[in-house]
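Student: Quick one: this structure, given as structure tokens, is what I'll be asking you about.
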Amino acid sequence: MNTITVSARPAFDYSALRDGTFEQKTVSGVRSLSDGERYTTMSDGRVLCFSYRTGEPAGVLFDASAAEPRIEFTDYVLSADERRLLLTTDVEPIYRHSFTAEYWIYDRQDGSLRRLSQGGPQQQAQFSPDGSRVAFVRGGNLFVADPTAGSERQLTFDGRFNHIINGLPDWVYEEEFSFARAFAWSPDGRKIAYLRFDESRVKQYNMNRFAGGLYPENYTFKYPKAGEQNSVVELYCCDAADGSMVRMDTGEQTDQYIPRLFWTPTGQLGFYRLNRLQNHFEVLLCDSSGASRVVYDERNDRYVERVDGRTVTFLPDGDRFVVRSERDGFMHLYLYSVSEGLLGRITSGEWEVTELLGIEGDRVYYLSTETSPLRRDLYTVRLDGRGKRRLTGGDGTYRIAPSRGFRYFISYFSNVRTPNRVTLHRSDGRLVRTLEDNAALRAKLDELQVPVKEFFRFATSEGVELNGYMVRPNGFDSSRRYPVLMTQYSGPGSQQAADRWTIGWEDVLVQQGYIVACVDGRGTGFRGEEFKKCTYGELGKYETVDQIEAAR
């Protein structure tokens with residue numbers, strides 16, 4: 001048989017990826033206002049307001065072109081009373097999630113625009129619950145600013161690069177637990193809880209950092225390799241008015257993780273605790289003296305799936321809380337009580353809850369893989385597990401931005417044939433308005449006849465069913481031979497065979513006459529705990545075996 005190596009007439013090349021030919025339009029910066037009837041977006045230097053009920057414009061909250069001084073902002077946050085906006089400018093990235101920035105406060109009432117601080121760039125600025133103050137970190141120390149008075153108060157004084165960090169995570173926590181702010185206001189705004197990282201015992205790592213110049217820069221930072229010493233982490237509660245501190249009891253063990261702190265709706269401070277092996281996860285609540293008690297305890301023979309801010313969600317009564325757990329082999333939701341323990345399970349089945357979006361009244365809203373591990377859909381169910389309804393109708397992958405109170409939601413949908421489609425819906429799923437359909441991009445894809453991913457499923461010689469996709473060049477001829485590129489990541493819990501729209505360098509390779517194939521082997525996610533965790537203690541073994549089987 002003949003072997004094809006290069007397509008005679010490619011429809012596009014790598015320059016098309018660089019020049020934005022395939023860029024998806026979207027609706028960015030969506031924030032629900034407190035009434036749940038309006039939302040804001042960010043576009044062309046403005047913060048715009050819209051009605052959920054009609055999707056029609058409802059005003060402009062901020063316009064950079066009309067403000068003095070002129071600023072270029074990349075993000076914004078509204079205070080709880082919606083009088084002030086916190087605007088992010090001059091962002092300088094640090095690691096995956098962290099950055100420094102200059103923040104500005106815009107007062108909608110008097111029209112003033114003020115720099116948050118004159119003392120240098122800040123990190124992770126956050127309004128107090130009443131919107132009158134802003135907490136931030138600079139130089140590893142925690143500050144509180146009063147924008148109206150133009151003053152700031154320093155709360156911690158021992159922050160020092162590569163030694164002590166207050167209110168921000170170290171590299172390990174940021175990378176592995178995916179967060180960049182390690183402080184939180186109490187609901188009444190009187191206190192700030194924060195984590196203190198002592199990384200003085202952590203060994204340093206040296207690397208070249210390429211910042212665009214002719215020569216790379218030397219960069220040294222604290223980087224614990226596997227089995228080496230981590231930071232010692234402590235939890236403090238600080239009085240925002242007088243600066244007095246109380247250290248919370250996080251246990252005698254220091255070689256552990258405190259991957260989240262939080263306040264319950266009734267104002268009780270809590271935190272997560274995870275042992276170094278990450279197979280014992282606890283939730284603890286604290287009292288004002290610093291004493292703590294365990295209210296949830298989970299153990300696993302291998303590891304507890306990486307915890308985040310939605311692993312535990314407290315209800316307004318401060319007693320009941322919803323936990324996301326793999327305790328039955330699939331990721332599901334369970335209802336617990338501080339006083340009574342397990343109250344019951346909310347979801348069940350051989351599928352997984354991928355995200356808890358919110359709880360309103362007795363209804364829970366979540367994304368799941370119930371229709372297929374390749375897809376994500378929005379569902380709602382009561383806290384007692386009854387009355388489940390699917391609220392999305394297309395076959396593909398949904399991302400959801402709900403309104404306050406979940407009376408409405410904005411849906412971001414795509415599948416392998418459909419680039420990003422943004423639509424506005426009522427809480428029962430009824431369509432209100434299409435906000436962006438990427439019609440021009442869809443026409444361009446049709447014009448260029450861009451090949452579409454074809455999903456397949458096969459059983460290995462061990463009887464393991466694997467999901468994959470293949471992309472074939474236009475004019476594919478089954479009687480001829482083609483070069484094949486297999487691409488895969490296969491990290492624990494990852495997924496690449498997914499029904500969502502993407503385009504990248506592999507699609508250009510298809511234009512050159514290649515077949516591109518991808519198979520999610522054992523160790524990847526969203527197919528249950530056993531499929532994902534069978535690689536525990538043998539990382540690289542089953543992943544490799546499955547890629548060999550896929551190639552054959």
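Here's how to read the names in the structure tokens: chain A, B, ... by the order shown, residue numbers from 1 in each chain, ligand numbers from 1 in the order shown.
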Which neighbours of Glu23 (chain A) fall inside 10 Å, counting only C-alpha atoms, when residues of the same chain fewer than 4 positions from it are skipped, and could you give them as a VMD selection string?

Tutor: chain A and resid 16 to 19 419 to 420 438 441 502 to 503

Student: Can you pull out every residue within 8 Å of region 143-157 of chain A, counting only C-alpha atoms, but drop anything in the same chain fewer than 6 positions away, and send it as number ranges by chain?

Tutor: A: 105, 114, 116-117, 132-137, 166, 238, 240, 243

Student: Could you turn the residues from that selection into a file that holds all heavy atoms, as a tab-separated table (two decimals), in the first residue's frame?

Tutor:
```tsv
chain	number	residue	atom	x	y	z
A	105	ILE	N	-9.74	51.34	43.53
A	105	ILE	CA	-11.11	51.32	44.06
A	105	ILE	C	-11.92	52.39	43.33
A	105	ILE	O	-11.57	53.58	43.35
A	105	ILE	CB	-11.16	51.61	45.57
A	105	ILE	CG1	-10.28	50.63	46.35
A	105	ILE	CG2	-12.60	51.58	46.07
A	105	ILE	CD1	-10.82	49.23	46.39
A	114	ARG	N	-9.50	55.62	43.16
A	114	ARG	CA	-8.33	55.75	44.01
A	114	ARG	C	-7.48	54.49	43.95
A	114	ARG	O	-8.00	53.37	43.94
A	114	ARG	CB	-8.73	55.97	45.47
A	114	ARG	CG	-9.58	57.20	45.74
A	114	ARG	CD	-9.83	57.33	47.23
A	114	ARG	NE	-10.64	58.48	47.57
A	114	ARG	CZ	-11.97	58.46	47.71
A	114	ARG	NH1	-12.62	57.32	47.55
A	114	ARG	NH2	-12.63	59.56	48.02
A	116	LEU	N	-5.46	51.64	45.58
A	116	LEU	CA	-5.65	50.99	46.87
A	116	LEU	C	-4.53	51.32	47.84
A	116	LEU	O	-4.75	51.60	49.01
A	116	LEU	CB	-5.78	49.48	46.70
A	116	LEU	CG	-5.83	48.63	47.97
A	116	LEU	CD1	-7.05	48.98	48.81
A	116	LEU	CD2	-5.85	47.14	47.63
A	117	SER	N	-3.27	51.26	47.36
A	117	SER	CA	-2.12	51.48	48.24
A	117	SER	C	-0.99	52.14	47.46
A	117	SER	O	-0.79	51.85	46.28
A	117	SER	CB	-1.64	50.14	48.82
A	117	SER	OG	-0.44	50.31	49.55
A	132	SER	N	-16.22	48.25	53.23
A	132	SER	CA	-15.55	49.47	53.68
A	132	SER	C	-14.03	49.36	53.71
A	132	SER	O	-13.34	50.38	53.70
A	132	SER	CB	-16.06	49.87	55.07
A	132	SER	OG	-15.68	48.90	56.03
A	133	ARG	N	-13.51	48.13	53.77
A	133	ARG	CA	-12.07	47.91	53.86
A	133	ARG	C	-11.64	46.83	52.87
A	133	ARG	O	-12.47	46.09	52.36
A	133	ARG	CB	-11.69	47.49	55.29
A	133	ARG	CG	-11.86	48.56	56.35
A	133	ARG	CD	-12.01	47.95	57.72
A	133	ARG	NE	-13.23	47.15	57.83
A	133	ARG	CZ	-13.42	46.18	58.72
A	133	ARG	NH1	-12.46	45.89	59.59
A	133	ARG	NH2	-14.55	45.50	58.75
A	134	VAL	N	-10.34	46.77	52.65
A	134	VAL	CA	-9.78	45.77	51.75
A	134	VAL	C	-8.55	45.16	52.41
A	134	VAL	O	-7.65	45.88	52.86
A	134	VAL	CB	-9.38	46.39	50.39
A	134	VAL	CG1	-8.73	45.33	49.50
A	134	VAL	CG2	-10.59	47.00	49.70
A	135	ALA	N	-8.51	43.84	52.49
A	135	ALA	CA	-7.33	43.14	52.99
A	135	ALA	C	-6.47	42.71	51.81
A	135	ALA	O	-6.99	42.38	50.74
A	135	ALA	CB	-7.73	41.93	53.83
A	136	PHE	N	-5.15	42.72	51.99
A	136	PHE	CA	-4.24	42.27	50.94
A	136	PHE	C	-2.92	41.86	51.56
A	136	PHE	O	-2.68	42.09	52.77
A	136	PHE	CB	-4.02	43.36	49.88
A	136	PHE	CG	-3.36	44.61	50.38
A	136	PHE	CD1	-1.96	44.72	50.43
A	136	PHE	CD2	-4.11	45.69	50.80
A	136	PHE	CE1	-1.35	45.87	50.89
A	136	PHE	CE2	-3.50	46.85	51.27
A	136	PHE	CZ	-2.12	46.94	51.31
A	137	VAL	N	-2.07	41.25	50.74
A	137	VAL	CA	-0.74	40.83	51.19
A	137	VAL	C	0.31	41.57	50.37
A	137	VAL	O	0.17	41.75	49.16
A	137	VAL	CB	-0.55	39.31	51.03
A	137	VAL	CG1	0.88	38.89	51.37
A	137	VAL	CG2	-1.54	38.56	51.92
A	166	ASN	N	2.71	35.17	55.18
A	166	ASN	CA	1.43	35.31	55.87
A	166	ASN	C	0.33	35.60	54.86
A	166	ASN	O	0.42	36.54	54.08
A	166	ASN	CB	1.49	36.46	56.89
A	166	ASN	CG	2.47	36.20	58.01
A	166	ASN	OD1	2.24	35.36	58.86
A	166	ASN	ND2	3.58	36.93	58.01
A	238	CYS	N	-7.01	36.89	63.44
A	238	CYS	CA	-6.56	38.23	63.80
A	238	CYS	C	-7.75	39.16	63.93
A	238	CYS	O	-8.65	39.16	63.08
A	238	CYS	CB	-5.59	38.73	62.72
A	238	CYS	SG	-5.10	40.45	62.90
A	240	ALA	N	-9.27	42.48	63.22
A	240	ALA	CA	-8.95	43.46	62.18
A	240	ALA	C	-8.83	44.87	62.72
A	240	ALA	O	-8.24	45.74	62.09
A	240	ALA	CB	-10.00	43.41	61.08
A	243	GLY	N	-5.54	44.22	65.87
A	243	GLY	CA	-4.40	43.41	65.46
A	243	GLY	C	-4.06	42.26	66.39
A	243	GLY	O	-3.07	41.56	66.16
```

Student: Go through A:Gly468, A:Pro373, A:Pro169, A:Gly385 one by one, measure the shortest atom-to-atom distance of each to Met486 (chain A) using only C-alpha atoms, and give the residue with the smallest value.

Tutor: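 Ranked by minimum distance to Met486 (chain A), first place goes to A:Gly468.
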
Student: Which polymer residues have any atom within 9 Å of an atom of Leu61 (chain A), counting only C-alpha atoms, with same-chain residues fewer than 4 positions away left out, as an NGL selection string?

Tutor: :A and (40 or 46-49 or 85 or 108)

Student: Which of region 139-339 of chain A counts as alpha helix (DSSP H) under DSSP, as number ranges by chain please?

Tutor: A: 171-177

Student: Grab the residues selected above and save them as a PDB file, in the first residue's frame with N, CA and C atoms.

Tutor:
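Below is the file that was written, result30.pdb:
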```pdb
ATOM      1  N   TRP A 171       4.782  27.516  47.456  1.00  0.00           N
ATOM      2  CA  TRP A 171       4.716  26.945  46.112  1.00  0.00           C
ATOM      3  C   TRP A 171       3.944  25.628  46.103  1.00  0.00           C
ATOM      4  N   VAL A 172       4.191  24.759  47.076  1.00  0.00           N
ATOM      5  CA  VAL A 172       3.563  23.436  47.110  1.00  0.00           C
ATOM      6  C   VAL A 172       2.043  23.561  47.208  1.00  0.00           C
ATOM      7  N   TYR A 173       1.577  24.390  48.125  1.00  0.00           N
ATOM      8  CA  TYR A 173       0.133  24.536  48.309  1.00  0.00           C
ATOM      9  C   TYR A 173      -0.519  25.137  47.074  1.00  0.00           C
ATOM     10  N   GLU A 174       0.112  26.160  46.500  1.00  0.00           N
ATOM     11  CA  GLU A 174      -0.459  26.781  45.305  1.00  0.00           C
ATOM     12  C   GLU A 174      -0.535  25.792  44.152  1.00  0.00           C
ATOM     13  N   GLU A 175       0.517  25.021  43.946  1.00  0.00           N
ATOM     14  CA  GLU A 175       0.579  24.090  42.821  1.00  0.00           C
ATOM     15  C   GLU A 175      -0.329  22.881  43.029  1.00  0.00           C
ATOM     16  N   GLU A 176      -0.277  22.286  44.215  1.00  0.00           N
ATOM     17  CA  GLU A 176      -0.961  21.013  44.431  1.00  0.00           C
ATOM     18  C   GLU A 176      -2.393  21.168  44.947  1.00  0.00           C
ATOM     19  N   PHE A 177      -2.701  22.282  45.622  1.00  0.00           N
ATOM     20  CA  PHE A 177      -4.053  22.469  46.140  1.00  0.00           C
ATOM     21  C   PHE A 177      -4.787  23.614  45.436  1.00  0.00           C
TER      22      PHE A 177
END
```

Student: Going by DSSP on the backbone, which residues of region 175-275 of chain A come out as strand (DSSP E)? List them as number ranges by chain.

Tutor: A: 183-185, 191-198, 204-209, 217-222, 232-239, 245-247, 256-257, 261-263, 269-275
